[in-house]
Structure formats: C-alpha cells, structure tokens
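Beneath this line is the structure, given in structure tokens, with notes to follow.
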Amino acid sequence: MERYDVIVVGAGTAGCVAAMTLASKGFDVCLIDRKDRRAIGDKVCGDAVGKHHFDALGLPYPSGEEKEGDIVGVKIYSPDRESVFRISGYGLTGFMINRHLFGQRLLKYALDAGAVLMDKVHVSAPILKDGSVRGVIASEIRRGEKLEILSDVTIDASGVAAVIRRRLPPEIGIEKEISWEDKVVCYREIRQLSGEIEDPEFCEIYLNLTVAPGGYIWVFPKRNGVVNVGLGVASTPNHPNPKDQLYRYVLSEPLFEGSSLLHGGGGIVPTRRPIDSLVGGGVVVIGDAACQVNPIHGGGIGPSMMGGKISGEVLSEALDSWEPTPKSLWPINVRFMKGYGKKQAGLDVFRIFLQGITDEDLNYGMKYAVITEDDLLKASMGEPIRLNIEEATRRIFLGLGRLRLLRSLYKMARTLREARRLYERYPSSPDEFPRWRMEIRRIFDEAKASFWHESTITRRRA
Ligand SMILES: Cc1cc2nc3c(=O)[nH]c(=O)nc-3n(C[C@H](O)[C@H](O)[C@H](O)COP(=O)(O)OP(=O)(O)OC[C@H]3O[C@@H](n4cnc5c(N)ncnc54)[C@H](O)[C@@H]3O)c2cc1C
C-alpha cells in the first residue's frame with residue numbers, strides 16, 4: 001500500500017497550490033485527479049481573475065497564450081439598464097485567462113516542486129481510523145483497479161464535488177452538506193462575435209432577478225472579439241434552466257447576432273461563507289469544497305489558491321513535529337477565517353440581502369444612489385459597506401422612496417458588521433468552536449429569514 005505525508009484530492013487551483021507549497025518544503029505529496037493529466041485545468045468558468053491574487057501569492061501574471069485579455073474594471077447594469085455603475089481600481093483590475101493553460105501552469109509548479117501526480121484516478125471515500133482520516137479509497141480509471149492510499153493528512157480540494165468532505169462522519173466536526181440555496185447553477189458559452197464589443201477592457205454584469213433569480217448575467221470580453229457570456233441562478237428546487245434563460249434573454253440581443261459558439265458548458269458555484277471549520281482529524285478542506293468563493297461575484301480562483309497556500313504553509317510548518325489532530329491543524333482555520341473568511345462572511349450577508357430584493361428595488365437603489373459605485377468597489381473587496389443613508393432618507397421624504405428597502409438596507413449593514421466582528425473573534429482552539437458556530441449560524445439563519453421573506457427565492461421554493 002502506498003503511503004505519503006499528504007494526499008491532495010483534486011488538481012484544480014486549490015489543490016495545485018497546496019501541493020506546490022508542501023512539496024517545495026520537502027514533503028511527500030500525492031496529487032490525485034480523475035482527469036487525464038492533459039485535461040487538468042480545463043474547467044467551465046468565467047475566466048476572470050484579479051491581479052491582486054497573483055500579487056498575494058507571488059505568482060507571475062498570465063502572459064502569452066495564457067492571457068486572453070486585460071481587465072481594468074466592471075460595469076454593473078441595473079435590471080432596467082437605466083443605471084450603469086462603472087467601477088475600476090486595484091481590486092477590479094485583472095486578466096481574462098485561458099483557464100486550461102493557467103491550470104496546466106499551476107500543475108507544472110506542483111510537479112516541478114516534487115509532487116507525484118496520479119491522474120485518471122477517481123477518489124471515492126476517505127479511509128477512517130479512530131475518528132481520523134488516514135488516506136483515501138480510489139479507483140484507477142484506465143484499468144478499473146481499486147486503490148487504497150495512506151497519508152498523515154488528506155486535503156480535500158475536489159471542488160464542488162467535495163468527495164471527502166461529504167463522506168466524513170459527524171464527529172469530525174466538518175459540515176457535510178451545503179444547502180441548495182447557497183449554490184448558483186450556471187451555464188456559459190465562449191462565443192466569437194461578428195462585431196466589436198464597446199468597452200473590451202470592462203467586464204459587464206447585468207443584475208436581473210427575473211431572468212437570473214439569485215444570480216446574474218455576465219459578458220466578459222476576451223481578445224479579438226471573443227466573449228465569455230453566461231448566466232447563473234440560485235439552485236432553488238424549481239429554478240429556471242440557466243441555458244434556456246441565456247438563449248432566450250441574452251443571446252437574442254443584437255450584440256450576439258451572427259456570433260458563433262466556440263464552447264458551451266455548465267457548472268455550480270457555492271456562494272456562501274466558508275464552511276465553519278476547514279479542519280478535522282487528519283483532514284483539511286479547501287477551495288470550492290470548502291466554499292471559499294466570493295459570494296457576490298462567484299470568483300473562486302484567487303481564494304481557492306489562498307486556501308491552498310495557507311493550508312500548505314501551516315501544515316509544512318509543523319508536519320514533522322506533531323500528529324495531525326484538529327488542534328494542531330486549527331491555525332489553518334484561524335488564518336483563513338480572520339483574513340478572507342471575514343470578508344466572505346460580510347459579502348455573504350450582502351448576497352442574501354440582494355437575493356431578497358426585487359428588480360424594482362434594485363432599479364431604485366442604483367438610480368438614487370442608495371448604494372454607490374464606491375460602496376460596490378469596497379464590497380467587491382469584502383470591506384464594510386457604507387450606505388448613502390442620508391441621500392436615501394432625503395428621497396423618502398420627497399415621497400419617491402421605499403421605506404421597506406431602507407429598513408432592509410439598515411438591517412443588512414448592521415448584520416454585515418455583526419458577522420465580520422464574529423469572524424474577528426474566530427476561536428483560537430477547537431474547544432471554543434461549538435459556541436462560535438452556534439452564534440454564526442444564528443446570524444445567518446436570521447438574515448435569511450428576514451431578507452428572503454416573500455422574496456423571489458422563497459416564492460420559488462414554494
Ligand atoms: C460557470 C462558472 C464561472 C466561474 N467564473 C469564475 C471567474 O470568472 N473567476 C473566478 O475566479 N472564479 C470563477 N468561478 C469559480 C472557480 O472556477 C472556482 O472557484 C475554482 O475553480 C475553485 O477551484 P478548486 O480547485 O476548489 O476546484 P476545481 O477547479 O473545480 O478543481 C477540482 C478538481 O478536483 C477533481 N476531482 C473532483 N472530484 C474528484 C474525485 N472524486 N476524484 C479525483 N479528482 C476529483 C476535478 O477533476 C478537478 O480537477 C466560476 C465557476 C463556474 C462554475
């Protein structure tokens with residue numbers, strides 16, 4: 001039976017960075033993926049990544065064929081398209097990438113650092129002993145051979161499939177299921193336009209809760225008149241089919257007249273705060289498997305790489321000297337939750353609020369600057385949202401406003417601050433975790449109950 005210091009399940013963006021970090025420090029790392037080596041990195045995606053993620057990780061920027069465009073900002077359209085927020089700045093500057101070539105670059109980093117790749121191997125479950133994960137059960141896709149691979153620590157980086165996390169026993173303390181309302185189902189196409197796009201360095205986001213309930217429509221330009229166009233909807237039980245919606249409401253627009261399909265495909269994005277604990281005995285969960293995605297725009301490439309880096313660094317600092325108990329793995333939680341986790345939690349409150357309002361509220365809020373471009377820029381970086389309450393109140397006194405929307409906005413800003421404060425107090429050891437978890441669940445349960453009351457989302461659930 002093979003044995004490694006660390007098994008990383010999934011050679012996506014999270015897994016490759018974790019494997020690279022650990023292998024470069026001399027640990028024996030086995031990186032497993034069900035895809036063929038040449039297909040690793042080829043994922044249905046919006047293909048947009050912020051420059052700041054490369055800076056944070058010390059990775060060279062995309063170049064050559066891997067770079068398919070530069071982004072200087074984002075344009076956000078209200079449902080009636082009367083208001084357009086044009087926001088730019090460091091957090092929104094970035095690249096359109098060739099996702100496959102980018103994934104291959106990260107894989108090369110991991111392998112050059114010394115990780116061993118087992119491709120075309122499907123992992124089906126963790127090996128458990130005395131309440132800890134001790135490796136994985138897998139099957140070799142080429143020959144159908146069953147494998148048992150042992151390790152001190154197993155990292156679940158298998159994306160939204162979360163193949164290890166979903167098979168953990170409750171006593172490990174990691175939540176197994178993510179509720180449907182916290183996922184967005186997407187369909188996207190890469191299309192060659194017949195003409196030119198107006199602002200090729202701006203990504204476009206169209207908010208429209210009727211066409212894309214709980215999600216949004218995006219048009220992200222690549223070079224030479226190619227665009228990545230897609231639509232996501234909250235995965236409520238009777239949600240509309242995102243592909244039908246894209247064809248009916250988006251691809252019928254004049255921009256796409258005469259365009260041709262280069263690639264089409266669907267995918268799921270988890271859009272909630274990170275799972276409350278990323279670690280248990282012998283196991284760490286990162287990337288989409290741990291819901292480390294920006295809940296507002298669904299960008300998960302950067303945060304998943306951050307999850308990979310943090311877990312790799314913490315593990316390699318101490319793997320020699322301790323048993324991988326929940327206590328010794330706990331600093332992974334503390335580092336992630338007090339950093340990006342805190343931002344994500346604030347953005348999750350904002351997401352729940354946005355999913356609960358109507359198109360009319362959005363048109364109003366954007367038109368009368370109840371939420372400003374500057375607020376959205378901050379929100380996209382996960383900073384606290386300041387509301388233009390003074391202006392909103394003035395409008396209400398002028399008889400134009402919506403008292404319910406203003407009340408909701410106040411409540412959202414308060415809940416957002418409360419959630420961020422709780423993340424600042426993330427427990428420094430597992431003993432205090434149950435109390436913290438009860439508190440954070442209360443905040444989010446109350447937010448959903450309050451903001452989704454009679455919203456599009458709850459109407460669909462009925
Ligand atoms: C439609 C869509 C658009 C998106 N747009 C953007 C965007 O523009 N910008 C952005 O930053 N993010 C975007 N995202 C999110 C982003 O793609 C993910 O957050 C990111 O890829 C997460 O990386 P990961 O490593 O956790 O998972 P993944 O990249 O999904 O990698 C998981 C790996 O695990 C492997 N695997 C899964 N199950 C098993 C198994 N049982 N055995 C062995 N291997 C297994 C898979 O083959 C895969 O290689 C988008 C997502 C979708 C679906």
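The way I read the labels, and the way they are meant: chains A, B, ... in the order of the structure tokens, residue 1 as the first residue of every chain, and ligand 1 as the first ligand shown, with later ones counted on from there.
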
Residue neighbourhood A:Ala157, 6 Å, only C-alpha atoms, exclusion window fewer than 2 positions, as JSON, numbers by chain: {"A": [9, 10, 14, 15, 159, 286, 287]}

Env. residues ligand 1 / 7 Å / only C-alpha atoms and all ligand atoms / as a ChimeraX atom specification: /A:9-15,32-35,40-41,43-49,121-124,157-163,186-188,266-269,286-289,293,298-302,304

Counting only C-alpha atoms, the residue of A:Ser132, A:Ser429, A:Thr415, A:Asn333 that sits nearest A:Glu446: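 Closest to A:Glu446 of all the choices is A:Thr415.
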
Near-A:Met20 list (7 Å; only C-alpha atoms; drop same-chain fewer than 2 positions) as a PyMOL selection string: chain A and resi 16-18+22-24+109-110+113+115

Residue nearest A:Val370 among A:Ile178, A:Ile172, A:Leu405, A:Ile352 (counting only C-alpha atoms):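 Of A:Ile178, A:Ile172, A:Leu405, A:Ile352, the one nearest A:Val370, counting only C-alpha atoms, is A:Leu405.
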
Which residues are close to A:Leu150, i.e. within 8 Å by only C-alpha atoms, leaving aside same-chain residues fewer than 6 positions away? Reply as a CSV table (one decimal) with N, CA and C atoms, in the first residue's frame.
```csv
chain,number,residue,atom,x,y,z
A,1,MET,N,0.8,-1.2,0.0
A,1,MET,CA,0.0,0.0,0.0
A,1,MET,C,0.9,1.3,0.0
A,2,GLU,N,0.6,2.2,-0.9
A,2,GLU,CA,1.4,3.4,-0.9
A,2,GLU,C,1.1,4.3,0.2
A,3,ARG,N,2.1,5.1,0.6
A,3,ARG,CA,1.9,6.0,1.8
A,3,ARG,C,2.6,7.3,1.5
A,4,TYR,N,2.0,8.4,1.8
A,4,TYR,CA,2.5,9.8,1.6
A,4,TYR,C,2.4,10.6,2.8
A,7,ILE,N,-1.9,13.6,1.0
A,7,ILE,CA,-2.7,13.4,-0.3
A,7,ILE,C,-3.5,14.6,-0.6
A,127,ILE,N,-10.3,7.0,4.0
A,127,ILE,CA,-10.1,5.9,4.9
A,127,ILE,C,-10.1,6.4,6.3
A,134,ARG,N,-7.2,8.8,7.3
A,134,ARG,CA,-5.8,8.2,7.2
A,134,ARG,C,-5.4,7.9,5.7
A,135,GLY,N,-6.2,8.4,4.8
A,135,GLY,CA,-5.9,8.2,3.4
A,135,GLY,C,-7.2,8.2,2.6
A,136,VAL,N,-7.1,7.6,1.4
A,136,VAL,CA,-8.3,7.6,0.5
A,136,VAL,C,-8.5,6.2,-0.2
```

Best match for closeness to A:Leu409 among A:Gly69, A:Gly365, A:Pro270, A:Gly58, counting only C-alpha atoms: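 The closest residue to A:Leu409 is A:Gly365.
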
How close does each residue of stretch 59-113 of chain A get to stretch 210-217 of chain A, giving the shortest atom pair and distance in Å to one decimal for every residue with an atom at most 12 Å away, counting only C-alpha atoms, sorted by chain and residue number, as a tab-separated table?
```
residue	atom	partner	partner_atom	distance
A:Lys75	CA	A:Ile217	CA	11.8
A:Ile76	CA	A:Ile217	CA	10.1
A:Tyr77	CA	A:Ile217	CA	9.8
A:Ser78	CA	A:Tyr216	CA	10.7
A:Pro79	CA	A:Thr210	CA	8.7
A:Asp80	CA	A:Thr210	CA	11.1
```

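Within 9 Å of A:Ser139, once only C-alpha atoms are used and residues closer than 2 positions along the same chain are dropped, the contacting residues are Lys120, Val121, His122, Val123, Ser124, Ile137, Ile141, Arg142, Arg143, Gly144, Glu145, Lys146, Leu147 and Glu148 of chain A.
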
Those residues with N, CA and C atoms, as an mmCIF file, in the first residue's frame please?
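File produced: result_16.cif:
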```
data_model
loop_
_atom_site.group_PDB
_atom_site.id
_atom_site.type_symbol
_atom_site.label_atom_id
_atom_site.label_comp_id
_atom_site.auth_asym_id
_atom_site.auth_seq_id
_atom_site.Cartn_x
_atom_site.Cartn_y
_atom_site.Cartn_z
ATOM 1 N N LYS A 120 -6.245 10.375 -13.811
ATOM 2 C CA LYS A 120 -7.262 9.365 -14.142
ATOM 3 C C LYS A 120 -7.487 8.404 -12.979
ATOM 4 N N VAL A 121 -7.512 8.968 -11.791
ATOM 5 C CA VAL A 121 -7.800 8.174 -10.595
ATOM 6 C C VAL A 121 -8.980 8.848 -9.883
ATOM 7 N N HIS A 122 -10.035 8.071 -9.713
ATOM 8 C CA HIS A 122 -11.240 8.613 -9.085
ATOM 9 C C HIS A 122 -11.246 8.273 -7.599
ATOM 10 N N VAL A 123 -11.262 9.296 -6.764
ATOM 11 C CA VAL A 123 -11.315 9.069 -5.308
ATOM 12 C C VAL A 123 -12.779 8.909 -4.914
ATOM 13 N N SER A 124 -13.079 7.874 -4.119
ATOM 14 C CA SER A 124 -14.490 7.669 -3.768
ATOM 15 C C SER A 124 -14.784 7.904 -2.295
ATOM 16 N N ILE A 137 -9.741 5.958 -0.503
ATOM 17 C CA ILE A 137 -10.066 4.810 -1.349
ATOM 18 C C ILE A 137 -10.327 5.376 -2.740
ATOM 19 N N ILE A 141 -8.933 4.755 -13.236
ATOM 20 C CA ILE A 141 -9.945 4.753 -14.298
ATOM 21 C C ILE A 141 -9.478 3.926 -15.512
ATOM 22 N N ARG A 142 -8.174 3.963 -15.818
ATOM 23 C CA ARG A 142 -7.678 3.245 -17.012
ATOM 24 C C ARG A 142 -7.898 1.746 -16.883
ATOM 25 N N ARG A 143 -7.552 1.187 -15.703
ATOM 26 C CA ARG A 143 -7.611 -0.284 -15.567
ATOM 27 C C ARG A 143 -8.722 -0.758 -14.638
ATOM 28 N N GLY A 144 -9.430 0.166 -14.009
ATOM 29 C CA GLY A 144 -10.511 -0.211 -13.090
ATOM 30 C C GLY A 144 -10.010 -0.796 -11.777
ATOM 31 N N GLU A 145 -8.698 -0.652 -11.524
ATOM 32 C CA GLU A 145 -8.107 -1.245 -10.320
ATOM 33 C C GLU A 145 -8.475 -0.421 -9.072
ATOM 34 N N LYS A 146 -8.800 -1.129 -7.972
ATOM 35 C CA LYS A 146 -9.106 -0.444 -6.700
ATOM 36 C C LYS A 146 -7.803 -0.084 -5.992
ATOM 37 N N LEU A 147 -7.751 1.110 -5.375
ATOM 38 C CA LEU A 147 -6.527 1.533 -4.680
ATOM 39 C C LEU A 147 -6.852 2.004 -3.272
ATOM 40 N N GLU A 148 -5.937 1.740 -2.352
ATOM 41 C CA GLU A 148 -6.026 2.365 -1.031
ATOM 42 C C GLU A 148 -4.703 3.084 -0.813
#
```
